[in-house]
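Student: Pasting a structure below so you can have a look.
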Amino acid sequence: MTSDHASIEAVPCLANIIPRDSHPISRSKISPDALRVLYRLREAGFEAYLVGGCVRDLTLGLEPKDFDVATNALPEQVRRLFRNCRLVGRRFRLAHVFFGREIIEVATFRASGAPPQDEEVVLEEGTDELAGDEAVSDDAGIDDAGNDEVAVEDSRDVHDFDESVDRVVDQSGRILRDNIYGTIDDDVWRRDFTCNALYYNIADFSVWDYANGFEDIKAKRLRLIGDPETRYREDPVRMLRAARFEGKLDFSIEPATAEPILRLRELLAGVPPARLFDETLKLFLTGHGAASYRVLLDRGLLDVLLPNVAAFARRHPGSAPQRMLVQGLINMDERVRADRPVTPSFLFALLMYGPIGLEIEKRPRSEWHEISTILEAVDSVVREIYGRVAIHRRFILGVRDMFALQPRLEAPRGRRALRTLEHPRFRAAFDLLQLRAQFGMADQALVEWWARMQAANPQQRVTMREALSRESTGANSGPGGGGLRRVGRRRGRDRGGRGRGGPASG
Ligand code: ATP
Ligand code: MG
């Protein structure tokens, strides 16, 4: 495409055009902000389409997570049309149009997936770049010591390329930069799955389907556009996306799209950890985490994304921490569906629970409930994960707090019990205690005591605390009648059995 936009009539049409009366997408289901963007582009003489997951989800009768727009307007032209607009990503330039908390992502048609032409393509080695539409995490990283914050402004811009080059791939075939613009006919070939390659045209409300996506959606079939191996090599994250859509949409991955995953999964190790963190949250915190977990495990992808989590799952199937993880994910999915908040800290605490238990078990039993033991175990497991998935520091701190609070919850004492209640992470830690108790890894009586404590008024709380002090003057008897020790004995009995958890569990 030249610097000026092509006229709508000039676009040669290879698509199957589905008229408004033959598809179910109604404007009443489209975000008003997305409609505003589409209309504004159209009024300015550009083509404007909704594209990607929102068209797929609307076709399925689901509520889209976000709305993406594709246009023939260049990023600069988009920016001039909207005051509330920011261009992001030098390597994959996009416009973000802001409406309060909603961001409408506007991408100019790309020509990258189209059959090769005479464009300049450069091979790069070992760079840190991404392909696809993904917004990139710009949060803090962690330094080599694994504990300090380092600001990274935008991981797309960490490495510098020659600005004059529009397209860069590395030696494994991964697309590192893609700013070759094209027409809608070109754009479709760089989309990942056929179901994600439908374009809803604001000009006449028709849906443009180049890749038989409409039929695939109806058949609940996930199919990559083009040669699957090439497409995974271009962007290994597509393997995780396949798993995500399989879990979320309950689609079946057609054989040619599924086959290369086991062979190529190790390519994920070359993806920037900040991007894998974003992808992990999308997998687990958008209402289908339990399904994602099952698919990731079945397809061998968890072994690359979170190796220590997968190793625990494979060595301890059916163990209490495993069952707790699955239940915890189900609970989180329910919360998401009920529009209640979920936190990455809780997610990672669940995922890491088994491995943390194993770390703790390496120490003498007498040290299992010491805070230093627990925190060192958490840190060691986080370090292993961090090479693949760059968990933001504030969430790591959340996980540490949740685990460090467990012994305090299990042995409430005097005034400290009241202070524990005020801890900002009390609620998350209590939820974890409750789950542990559900799977025999903590005392149910403690859970009930803390539940009563939370419901009590300040005066009642003091009374409860005093009663506790009197009870515990003699023996090591908390509200659970000996909390930790009792849990410890139970765990002892479980040794070697199905219910065996790590001591982090107790
Ligand atoms: P979600 O329901 O999670 O929003 P989505 O399909 O919309 O799913 P997005 O990450 O929002 O996913 O991306 C929007 C669209 O951009 C996709 O539907 C797809 O067409 C394209 N896309 C995104 N990431 C990639 C990728 N890695 N490779 C190819 N195309 C991609
Ligand atoms: Mg989307």
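Chain identifiers are assigned as A, B, and so on, following the order in which chains appear in the structure tokens; residues are numbered from 1 within each chain, and ligands are numbered from 1 in order of appearance.
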With DSSP run on the backbone, what are the helix (DSSP H, G or I) residues within region 200-321 of chain A? I'd like them as an NGL selection string.
Tutor: :A and (213-218 or 228-234 or 237-249 or 255-258 or 260-270 or 273-284 or 289-298 or 302-305 or 307-315 or 320-321)
Student: Within 7 Å of ligand 1, which residues show up when you count only C-alpha atoms and all ligand atoms? List them as a list of chain:residue names, please.
Tutor: A:Val51, A:Gly52, A:Gly53, A:Cys54, A:Pro64, A:Lys65, A:Asp66, A:Asp68, A:Ala131, A:Gly132, A:Asp133, A:Glu134, A:Arg190, A:Arg191, A:Asp192, A:Phe193, A:Asn196, A:Ala197, A:Asp235, A:Val237, A:Arg238, A:Lys282
Student: Using only C-alpha atoms, which of the listed residues (A:Gly213, A:Gly387, A:Pro273, A:Pro24) sits closest to Cys195 (chain A)?
Tutor: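 Answer, going by the shortest atom-to-atom distance: A:Gly213.
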Student: Might you pull out every residue within 12 Å of Arg101 (chain A), with only C-alpha atoms counted and same-chain residues fewer than 2 positions away left off, and present them as a ChimeraX atom specification?
Tutor: /A:33,66,84,96-99,103-104
Student: Could you state the separation of CA of Asn331 (chain A) and CA of Lys248 (chain A) in Å, given to one decimal place?
Tutor: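 A separation of 15.8 Å between them.
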Student: Could you please determine the separation between CA of Thr59 (chain A) and CA of Gly182 (chain A) in Å, to one decimal place?
Tutor: 26.1 Å
Student: Step one, run DSSP on the backbone; step two, keep only residues of region 150-267 of chain A assigned to strand (DSSP E or B); then write them as a count of residues only.
Tutor: 23
Student: Provide the CA of Val188 (chain A) to CA of Arg110 (chain A) distance in Å, to one decimal place.
Tutor: 8.3 Å
Student: Could you pull the residues within 7 Å of region 388-390 of chain A, counting only C-alpha atoms, minus those fewer than 2 positions along the same chain, as a short mmCIF file (atom, residue, chain, number, x, y, z; two decimals) with N, CA, C and O atoms, in the first residue's frame?
Tutor:
```cif
data_model
loop_
_atom_site.label_atom_id
_atom_site.label_comp_id
_atom_site.auth_asym_id
_atom_site.auth_seq_id
_atom_site.Cartn_x
_atom_site.Cartn_y
_atom_site.Cartn_z
N GLY A 141 10.54 -5.64 35.35
CA GLY A 141 11.16 -6.96 35.30
C GLY A 141 11.89 -7.21 36.60
O GLY A 141 11.75 -6.47 37.56
N ALA A 269 10.32 -21.68 24.34
CA ALA A 269 11.40 -21.24 25.23
C ALA A 269 12.09 -19.99 24.66
O ALA A 269 12.75 -19.25 25.40
N PRO A 273 9.85 -13.75 27.97
CA PRO A 273 9.05 -14.11 29.15
C PRO A 273 7.96 -13.10 29.49
O PRO A 273 6.94 -13.49 30.06
N ALA A 274 8.14 -11.85 29.12
CA ALA A 274 7.07 -10.86 29.41
C ALA A 274 5.83 -11.20 28.59
O ALA A 274 4.70 -11.07 29.06
N LEU A 276 5.05 -14.24 27.53
CA LEU A 276 4.47 -15.48 28.06
C LEU A 276 3.70 -15.22 29.35
O LEU A 276 2.73 -15.91 29.65
N PHE A 277 4.13 -14.21 30.09
CA PHE A 277 3.35 -13.84 31.28
C PHE A 277 1.96 -13.36 30.86
O PHE A 277 0.94 -13.82 31.39
N LEU A 305 5.91 -24.24 29.24
CA LEU A 305 5.53 -22.94 29.80
C LEU A 305 5.92 -22.86 31.28
O LEU A 305 6.54 -21.88 31.72
N ILE A 385 10.56 -20.43 37.53
CA ILE A 385 9.51 -20.02 36.60
C ILE A 385 9.93 -18.78 35.83
O ILE A 385 9.61 -18.62 34.65
N TYR A 386 10.68 -17.93 36.49
CA TYR A 386 10.93 -16.60 35.94
C TYR A 386 11.67 -16.61 34.60
O TYR A 386 11.50 -15.72 33.78
N HIS A 392 5.09 -10.44 37.20
CA HIS A 392 5.41 -9.10 37.70
C HIS A 392 5.71 -9.16 39.19
O HIS A 392 5.12 -9.94 39.93
#
```
Student: Which residues are near Glu47 (chain A)? Cut-off 7 Å, only C-alpha atoms, ignore same chain within fewer than 3 positions. Put them as an MDAnalysis selection string.
Tutor: chainID A and resid 8 41:42 71:72
Student: Generate the output file for the selected residues, N, CA, C and O atoms, as a PDB file, in the first residue's frame.
Tutor:
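Output contents, as saved in out10.pdb:
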```pdb
ATOM      1  N   ILE A   8     -12.226   2.017  -1.401  1.00  0.00           N
ATOM      2  CA  ILE A   8     -12.917   0.771  -1.093  1.00  0.00           C
ATOM      3  C   ILE A   8     -13.157  -0.039  -2.370  1.00  0.00           C
ATOM      4  O   ILE A   8     -12.962  -1.244  -2.405  1.00  0.00           O
ATOM      5  N   LEU A  41     -13.611   6.225  11.139  1.00  0.00           N
ATOM      6  CA  LEU A  41     -12.702   5.828  10.054  1.00  0.00           C
ATOM      7  C   LEU A  41     -13.442   5.873   8.716  1.00  0.00           C
ATOM      8  O   LEU A  41     -12.943   6.383   7.707  1.00  0.00           O
ATOM      9  N   ARG A  42     -14.635   5.344   8.739  1.00  0.00           N
ATOM     10  CA  ARG A  42     -15.428   5.267   7.509  1.00  0.00           C
ATOM     11  C   ARG A  42     -15.749   6.669   6.987  1.00  0.00           C
ATOM     12  O   ARG A  42     -15.606   6.951   5.800  1.00  0.00           O
ATOM     13  N   THR A  71      -8.024  -1.704   9.416  1.00  0.00           N
ATOM     14  CA  THR A  71      -8.317  -0.598   8.501  1.00  0.00           C
ATOM     15  C   THR A  71      -7.210  -0.456   7.471  1.00  0.00           C
ATOM     16  O   THR A  71      -6.107  -0.962   7.672  1.00  0.00           O
ATOM     17  N   ASN A  72      -7.517   0.295   6.394  1.00  0.00           N
ATOM     18  CA  ASN A  72      -6.442   0.626   5.464  1.00  0.00           C
ATOM     19  C   ASN A  72      -5.804   1.972   5.811  1.00  0.00           C
ATOM     20  O   ASN A  72      -4.886   2.406   5.140  1.00  0.00           O
TER      21      ASN A  72
END
```
Student: Give me the residues within 12 Å of region 254-262 of chain A as a PyMOL selection string, counting only C-alpha atoms and dropping any in the same chain fewer than 3 places off.
Tutor: chain A and resi 192-194+216+219-233+236-243+246+251+265-268+295-304
Student: From the options A:Leu283, A:Val399, A:Arg56, A:Ile30, which residue's atoms come nearest to ligand 2, counting only C-alpha atoms and all ligand atoms?
Tutor: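 Closest candidate: A:Arg56.
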Student: Out of A:Arg436, A:Arg275, A:Arg365, A:Arg394, which residue has the shortest atom-to-atom distance to Leu325 (chain A) when counting only C-alpha atoms?
Tutor: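 Between A:Arg436, A:Arg275, A:Arg365, A:Arg394, the residue approaching Leu325 (chain A) most closely is A:Arg436.
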